[in-house]
Structure formats: C-alpha cells, structure tokens
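Read the structure below first, then the notes.
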Amino acid sequence: MGLCMNSLSLAQSSSLNTFHGRELKVRRAALGNEPRVLTNLYLDEINIAIWQRQLSEMLKNSVDTFIRSNPTFQLSMTVAPETVFSSISESFGDSSQMELCENIAELTAMFCCLFELKRVGLRLTVLDRAMCPKFHVDKVPCRLITTFQGTATEWLPHHTVNREKLGIGSHGQPDDLSGLYQNPDDIQQLGCGDVGLLKGELWAGNENAGLVHRSPALATGERRLLLTLDFSD
C-alpha cells in the first residue's frame with residue numbers, strides 16, 4: 001500500500017511554540033481515507049494518525065460470525081509478518097474466518113513495514129465493557145488500534161488536556177470532574193473500522209505529549225472486537 005516508500009524520509013518539522021519564555025509542544029491529528037496518511041506519524045507535531053477506512057460487507061459478516069461464536073475470545077501473541085496469518089488462523093480454529101485473518105495479517109505487515117519491525121505484539125479481544133475506562137497515555141513508542149465491531153476508542157486533542165490531571169493527578173475523580181478537559185465536545189472518537197496510530201510517551205521527543213485516550217463505554221449487550229499492535233522487545 002505504499003506505506004514504506006516515504007515513512008522514513010519524512011522531514012522532521014518544528015513542533016514547539018514559545019509561551020512566556022517556556023516551550024510548549026504542539027500536537028495535532030492527521031486524518032485521511034488512504035493508508036498513506038499513517039506515515040504522517042513521523043512528523044513531530046502529529047500524535048495520532050487515522051486511516052478512516054470502511055470495512056467491506058464480507059469483512060463485517062466475518063467479524064459478526066466470529067464474535068457470535070467466540071463471545072469471550074482473548075488472544076495475545078508475538079508474531080512476524082510472514083507467519084501472522086497462519087498463527088491467527090490456528091488460534092481461530094475456524095477456516096470460515098479467512099477474511100478477518102487476512103485483514104489482521106495485512107495490518108500487521110503494514111505496521112512492521114512502517115516502523116521496520118521484524119515482530120510485533122498482537123492482541124485481539126472481544127470486550128463487553130470498557131477495558132481502560134479512564135483517559136490515559138501509553139508508555140510505548142506507538143500503538144495501532146482498530147475496532148472491527150462496536151464502539152471505538154475515544155481520545156483528546158493535545159491542546160485540550162490538563163496533563164496534571166492524568167493518573168493520580170485526578171485524585172480519584174472521574175474524567176468529567178477532574179479537570180482533565182473542560183468541554184465534553186473536546187472528546188473525539190475513532191470510527192468503527194478506522195485504523196489509528198497513537199504516538200506514546202516513549203516515542204523519542206514525544207515526552208509529555210503521548211496521545212490521551214480511553215476505552216469507550218459499551219451499551220448493555222454490546223460487544224466490541226479490538227485489535228492492537230505494539231512494538232515487540
């Protein structure tokens with residue numbers, strides 16, 4: 001899909017503004033309906049890149065069948081792009097899920113290509129509740145997130161966040177009362193099927209600017225199929 005052609009050659013741009021003699025990091029989102037938008041994560045000022053994709057009806061049907069047959073499925077493994085399809089297929093134990101297996105394998109290959117990785121940590125989980133219900137940042141360089149079915153990940157633009165209210169800074173208060181953000185309209189959300197690359201705190205130069213995000217609340221009876229990919233040690 002052309003992700004590897006330009007990802008490493010993107011020029012680093014300035015991401016700092018000065019306010020009262022203090023440097024403030026500027027971060028924003030990159031959105032597009034083609035996978036090449038994901039290469040924008042290499043720009044300093046981007047802390048989330050979103051490929052706004054539409055899932056095919058065949059893939060939606062494959063996902064729906066899978067969730068109905070595996071309502072509590074959880075998978076965590078380290079995979080290489082050349083073996084991920086066979087590893088996923090074996091874990092599923094059902095040849096009818098070829099469309100889902102192929103899509104996961106494609107995303108894994110893209111992620112490895114974009115960041116020149118030989119192996120990645122893969123998690124595929126069916127959820128019936130919010131896994132991480134409070135806004136937080138990830139202590140990783142970058143994480144790929146996509147929701148194949150159900151409500152997708154929520155996130156906050158960098159300029160709307162009072163980072164002192166993250167974690168213990170919230171003093172146990174819920175996000176809407178802690179002062180982490182001021183306006184409910186600040187909360188953004190990935191669409192079902194979207195592929196998000198979330199820049200974390202361990203990306204070089206992105207300290208105190210990792211994307212703030214959380215798992216969404218799910219309606220009673222709703223199930224969500226979530227895929228995440230991480231750098232492997």
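Following the order of the structure tokens, first chain is A, next is B, and so on, with residues numbered from 1 inside each chain and ligands from 1 in the order they appear.
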- prompt: Contacts of A:Phe92 at 12 Å or less, counting only C-alpha atoms, minus same-chain residues fewer than 6 places along, as an MDAnalysis selection string?
  reply: chainID A and resid 63 65:67 69:70 73:75 85:86 98 100:101 124
A:Leu202 environment, 10 Å, only C-alpha atoms, sequence neighbours closer than 5 positions dropped, as a short mmCIF file (atom, residue, chain, number, x, y, z; two decimals) with C-alpha atoms, in the first residue's frame:
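Written file, result_27.cif:
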data_model
loop_
_atom_site.label_atom_id
_atom_site.label_comp_id
_atom_site.auth_asym_id
_atom_site.auth_seq_id
_atom_site.Cartn_x
_atom_site.Cartn_y
_atom_site.Cartn_z
CA ASP A 138 0.53 4.64 26.85
CA LYS A 139 4.15 4.06 27.85
CA VAL A 140 5.01 2.80 24.37
CA PRO A 141 6.54 4.35 21.24
CA CYS A 142 3.41 3.77 19.15
CA GLU A 207 7.59 13.01 26.26
CA ASN A 208 4.56 14.62 27.93
CA ALA A 209 2.76 14.60 24.60
CA GLY A 210 1.56 11.00 24.22
#
So that I can see what lies close to stretch 203-205 of chain A, please list as a PDB file with C-alpha atoms, in the first residue's frame the residues with an atom at most 12 Å from it, counting only C-alpha atoms and leaving out residues fewer than 6 positions away in the same chain.
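Result file follows (selection-v5.pdb):
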ATOM      1  CA  GLN A  12      11.003  16.322  10.914  1.00  0.00           C
ATOM      2  CA  SER A  13       9.140  19.594  11.375  1.00  0.00           C
ATOM      3  CA  SER A  14       9.219  22.030  14.267  1.00  0.00           C
ATOM      4  CA  SER A  15       6.702  21.138  16.976  1.00  0.00           C
ATOM      5  CA  LEU A  16       7.425  23.732  19.642  1.00  0.00           C
ATOM      6  CA  LYS A  25       4.766  21.160  22.445  1.00  0.00           C
ATOM      7  CA  VAL A  26       2.169  21.403  19.706  1.00  0.00           C
ATOM      8  CA  ARG A  27       0.441  18.177  18.679  1.00  0.00           C
ATOM      9  CA  LEU A  41       3.124   9.903  12.430  1.00  0.00           C
ATOM     10  CA  TYR A  42       6.800  10.569  11.665  1.00  0.00           C
ATOM     11  CA  LEU A  43       6.099  14.308  11.794  1.00  0.00           C
ATOM     12  CA  ASP A  44       6.899  15.790  15.195  1.00  0.00           C
ATOM     13  CA  GLU A  45       3.583  17.620  15.526  1.00  0.00           C
ATOM     14  CA  ILE A  46       1.412  14.538  14.851  1.00  0.00           C
ATOM     15  CA  ASN A  47       0.473  12.375  17.834  1.00  0.00           C
ATOM     16  CA  PHE A 115       8.405   1.022  11.588  1.00  0.00           C
ATOM     17  CA  VAL A 137      -1.380   7.745  27.931  1.00  0.00           C
ATOM     18  CA  ASP A 138       0.528   4.642  26.846  1.00  0.00           C
ATOM     19  CA  LYS A 139       4.149   4.059  27.851  1.00  0.00           C
ATOM     20  CA  VAL A 140       5.009   2.803  24.367  1.00  0.00           C
ATOM     21  CA  PRO A 141       6.536   4.355  21.238  1.00  0.00           C
ATOM     22  CA  CYS A 142       3.409   3.768  19.153  1.00  0.00           C
ATOM     23  CA  ARG A 143       0.314   1.569  19.210  1.00  0.00           C
ATOM     24  CA  LEU A 211      -1.984  10.765  22.933  1.00  0.00           C
ATOM     25  CA  PHE A 231       6.462  -2.787  19.149  1.00  0.00           C
TER      26      PHE A 231
END
message: Which residues are near stretch 169-174 of chain A? Cut-off 9 Å, only C-alpha atoms, ignore same chain within fewer than 6 positions. Put them as a ChimeraX atom specification.
response: /A:134,163,180
query: Neighbours of stretch 50-55 of chain A within 6 Å (only C-alpha atoms; same-chain residues fewer than 3 positions away dropped), as a count of residues only?
result: 8
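Each of A:Val79, A:Ala109, A:Val126, A:Ile145 was compared to A:Gly191 using only C-alpha atoms, and A:Ile145 turns out to be the nearest.
Within the 12 Å cut-off around A:Arg68, using only C-alpha atoms and omitting residues fewer than 3 positions from it on the same chain, the listed residues are Asn61, Ser62, Val63, Asp64, Thr65, Pro71, Thr72, Phe73, Val126, Gln149, Gly221, Glu222, Arg223, Arg224 and Leu225 of chain A.
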Residues as selected, N, CA and C atoms, written as a compact mmCIF listing (two decimals), in the first residue's frame, can you do that?
# COMPACT_ATOMS: atom_id res chain seq x y z
N ASN A 61 -19.35 -9.27 7.96
CA ASN A 61 -20.02 -10.55 8.21
C ASN A 61 -19.09 -11.55 8.88
N SER A 62 -17.83 -11.54 8.46
CA SER A 62 -16.84 -12.43 9.06
C SER A 62 -16.65 -12.09 10.54
N VAL A 63 -16.55 -10.80 10.84
CA VAL A 63 -16.38 -10.36 12.23
C VAL A 63 -17.60 -10.71 13.07
N ASP A 64 -18.79 -10.47 12.53
CA ASP A 64 -20.01 -10.76 13.27
C ASP A 64 -20.11 -12.26 13.59
N THR A 65 -19.81 -13.08 12.62
CA THR A 65 -19.83 -14.54 12.84
C THR A 65 -18.83 -14.94 13.89
N PRO A 71 -17.68 -15.30 22.03
CA PRO A 71 -18.07 -14.08 22.76
C PRO A 71 -17.10 -13.65 23.86
N THR A 72 -16.15 -14.51 24.23
CA THR A 72 -15.18 -14.15 25.28
C THR A 72 -13.74 -14.32 24.77
N PHE A 73 -13.55 -14.24 23.47
CA PHE A 73 -12.24 -14.52 22.88
C PHE A 73 -11.18 -13.52 23.34
N VAL A 126 -12.36 -9.74 22.37
CA VAL A 126 -13.79 -9.42 22.38
C VAL A 126 -14.12 -8.85 23.75
N GLN A 149 -15.67 -4.23 15.28
CA GLN A 149 -17.12 -4.13 15.52
C GLN A 149 -17.33 -3.47 16.87
N GLY A 221 -25.17 -5.50 26.51
CA GLY A 221 -25.28 -6.50 25.45
C GLY A 221 -24.37 -6.24 24.26
N GLU A 222 -23.72 -5.08 24.22
CA GLU A 222 -22.83 -4.76 23.09
C GLU A 222 -21.49 -5.45 23.27
N ARG A 223 -20.94 -5.93 22.17
CA ARG A 223 -19.59 -6.50 22.18
C ARG A 223 -18.74 -5.79 21.14
N ARG A 224 -17.48 -5.66 21.49
CA ARG A 224 -16.52 -4.93 20.69
C ARG A 224 -15.35 -5.86 20.36
N LEU A 225 -14.92 -5.87 19.10
CA LEU A 225 -13.74 -6.65 18.72
C LEU A 225 -12.60 -5.68 18.46
- request: Using backbone DSSP assignments, extract all strand (DSSP E) residues from chain A; output them as a PyMOL selection string.
  value: chain A and resi 16-19+22-25+28-32+46-51+74-79+120-127+142-149+154-156+188-189+195-199+212-214+224-231
query: Separation of atom CA of A:Gly179 and atom CA of A:His136, in Å?
result: 13.7 Å
query: Can you list, as a ChimeraX atom specification, every protein, DNA or RNA residue that comes within 9 Å of A:Ile187 when you count only C-alpha atoms, leaving out same-chain residues fewer than 3 positions away?
result: /A:154-157,181,183-184
I need the chosen residues saved as an mmCIF file, in the first residue's frame, with C-alpha atoms.
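File written: selection_0.cif
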data_model
loop_
_atom_site.group_PDB
_atom_site.id
_atom_site.type_symbol
_atom_site.label_atom_id
_atom_site.label_comp_id
_atom_site.auth_asym_id
_atom_site.auth_seq_id
_atom_site.Cartn_x
_atom_site.Cartn_y
_atom_site.Cartn_z
ATOM 1 C CA GLU A 154 -12.105 7.913 22.430
ATOM 2 C CA TRP A 155 -9.272 10.470 22.509
ATOM 3 C CA LEU A 156 -8.499 14.074 23.425
ATOM 4 C CA PRO A 157 -6.665 16.653 21.309
ATOM 5 C CA TYR A 181 -10.655 18.545 29.984
ATOM 6 C CA ASN A 183 -15.720 20.646 27.435
ATOM 7 C CA PRO A 184 -17.361 17.287 26.608
#
task: Enumerate as a ChimeraX atom specification all residues of chain A assigned to helix (DSSP H, G or I) by DSSP on the backbone, naming them with the chain letters and numbers the document uses.
output: /A:3-9,35-42,57-69,84-92,95-115,158-160,163-165,167-170,175-178,184-186
message: I'd like the interatomic distance between atom CA of A:Ala219 and atom CA of A:Asp128, to a tenth of an Å.
response: 8.4 Å
